[in-house]
Amino acid sequence: MSSARPIAILAALDVEASALARHLPRSNGTSPNIPIWEGTIESEPVVVAVVGVGKVAAAMAAQFICDAHRPQGLVSIGLAGGVDGATERGRLVIASGAIQHDYDARPLTGARGEIAGFGATTLAADHALVERLRVAALKVVERAQVVTVGAVLTGDQIVMSKAVRDHLHKEFPAGVCIDMETAAVAQVALQNQVPWSALRITSDSADETFDQHEVLSFGAATAADLFDRVIGRLLQAV
């Protein structure tokens, strides 16, 4: 990928993007109420955007970034829920694909989650970008076991129920974490022919133990720094 065009990093929340944004000046360009920072990190052009929560907000922002900044790649970052109670907080997930778990266009499609017009349930990430993110993550973490590559399950809900979580994992066993934006970014990226992947960090077990204060505190104190370090490593290798 050419370094003349920026890598675009999309986060839902300010706390997720805070460490990356501190390296960059705030953009003076107009946008549909999307906070954007742009400049260089590790001498490479970067755009960081806080897109808001959920699939519509993520899709709108991703399309705006594609139109206004012509990125060489889109990376969705943020917190995520685990797919089982054994998932430890702080697991780094590199998205090899994404699935909209709450999308159901049957009988126009053959299965729940299958996107009409795509003929597939899993929206595949760019293999080269996935591998670059995986290598960057491994250079940052102390234990290689915390880095996982797999599919992200995306839907417009914060899952806080063991029963709901377990049902999703049974229906979509390829899923390794749950979020609210990645599959929307993936669909926009694919339709714009822009390479994409995601970097997600598990903050909770997606069950009744969910604690908003703990999750956001983890996002501000730990996850934001990890995003910054992994993306920095990614850009060093461009």
# chains A, B, ... in the order shown; residues from 1 in each chain; ligands from 1

$ closest_atom_pairs --of "region 161-223 of chain A" --to "region 98-111 of chain A" --cutoff "7 Å" --atoms "only C-alpha atoms" --output "JSON lines"
{"residue": "A:Thr182", "atom": "CA", "partner": "A:Ala98", "partner_atom": "CA", "distance": 6.5}
{"residue": "A:Ala183", "atom": "CA", "partner": "A:Ala98", "partner_atom": "CA", "distance": 4.8}
{"residue": "A:Ala186", "atom": "CA", "partner": "A:Ala98", "partner_atom": "CA", "distance": 6.9}

$ residues_around --residues "region 172-178 of chain A" --least-positions-apart "4" --cutoff "7 Å" --atoms "only C-alpha atoms" --output "list in words"
Ala80, Gly81, Gly82, Val83, Gly150, Ala151, Val152, Leu153, Thr154 and Leu168 of chain A

$ select_by_dssp --residues "region 143-194 of chain A" --states "alpha helix (DSSP H)" --output "ChimeraX atom specification"
/A:162-171,182-191

$ atom_distance --atom1 "CA of Gly54 (chain A)" --atom2 "CA of Ile158 (chain A)"
9.6 Å

$ closest_atom_pairs --of "region 205-236 of chain A" --to "region 42-52 of chain A" --cutoff "10 Å" --atoms "only C-alpha atoms" --output "JSON lines"
{"residue": "A:Ile231", "atom": "CA", "partner": "A:Glu42", "partner_atom": "CA", "distance": 9.6}
{"residue": "A:Gly232", "atom": "CA", "partner": "A:Glu42", "partner_atom": "CA", "distance": 6.6}
{"residue": "A:Arg233", "atom": "CA", "partner": "A:Glu42", "partner_atom": "CA", "distance": 8.5}
{"residue": "A:Leu234", "atom": "CA", "partner": "A:Glu42", "partner_atom": "CA", "distance": 9.3}
{"residue": "A:Leu235", "atom": "CA", "partner": "A:Glu42", "partner_atom": "CA", "distance": 6.1}
{"residue": "A:Gln236", "atom": "CA", "partner": "A:Glu42", "partner_atom": "CA", "distance": 5.8}

$ atom_distance --atom1 "CA of Val188 (chain A)" --atom2 "CA of Ser161 (chain A)"
29.2 Å

$ closest_residue --among "A:Gly219, A:Gly73, A:Gly90, A:Gly29" --to "Arg143 (chain A)" --atoms "only C-alpha atoms"
A:Gly90

$ select_by_dssp --residues "region 33-235 of chain A" --states "strand (DSSP E)" --output "MDAnalysis selection string"
chainID A and resid 36:41 44:50 73:82 92:100 123:124 147:154 175:179 196:204

$ atom_distance --atom1 "CA of Glu16 (chain A)" --atom2 "CA of Leu74 (chain A)"
15.7 Å

$ residues_around --residues "Ala125 (chain A)" --least-positions-apart "4" --cutoff "6 Å" --atoms "only C-alpha atoms" --output "JSON, numbers by chain"
{"A": [96, 97, 196, 197]}
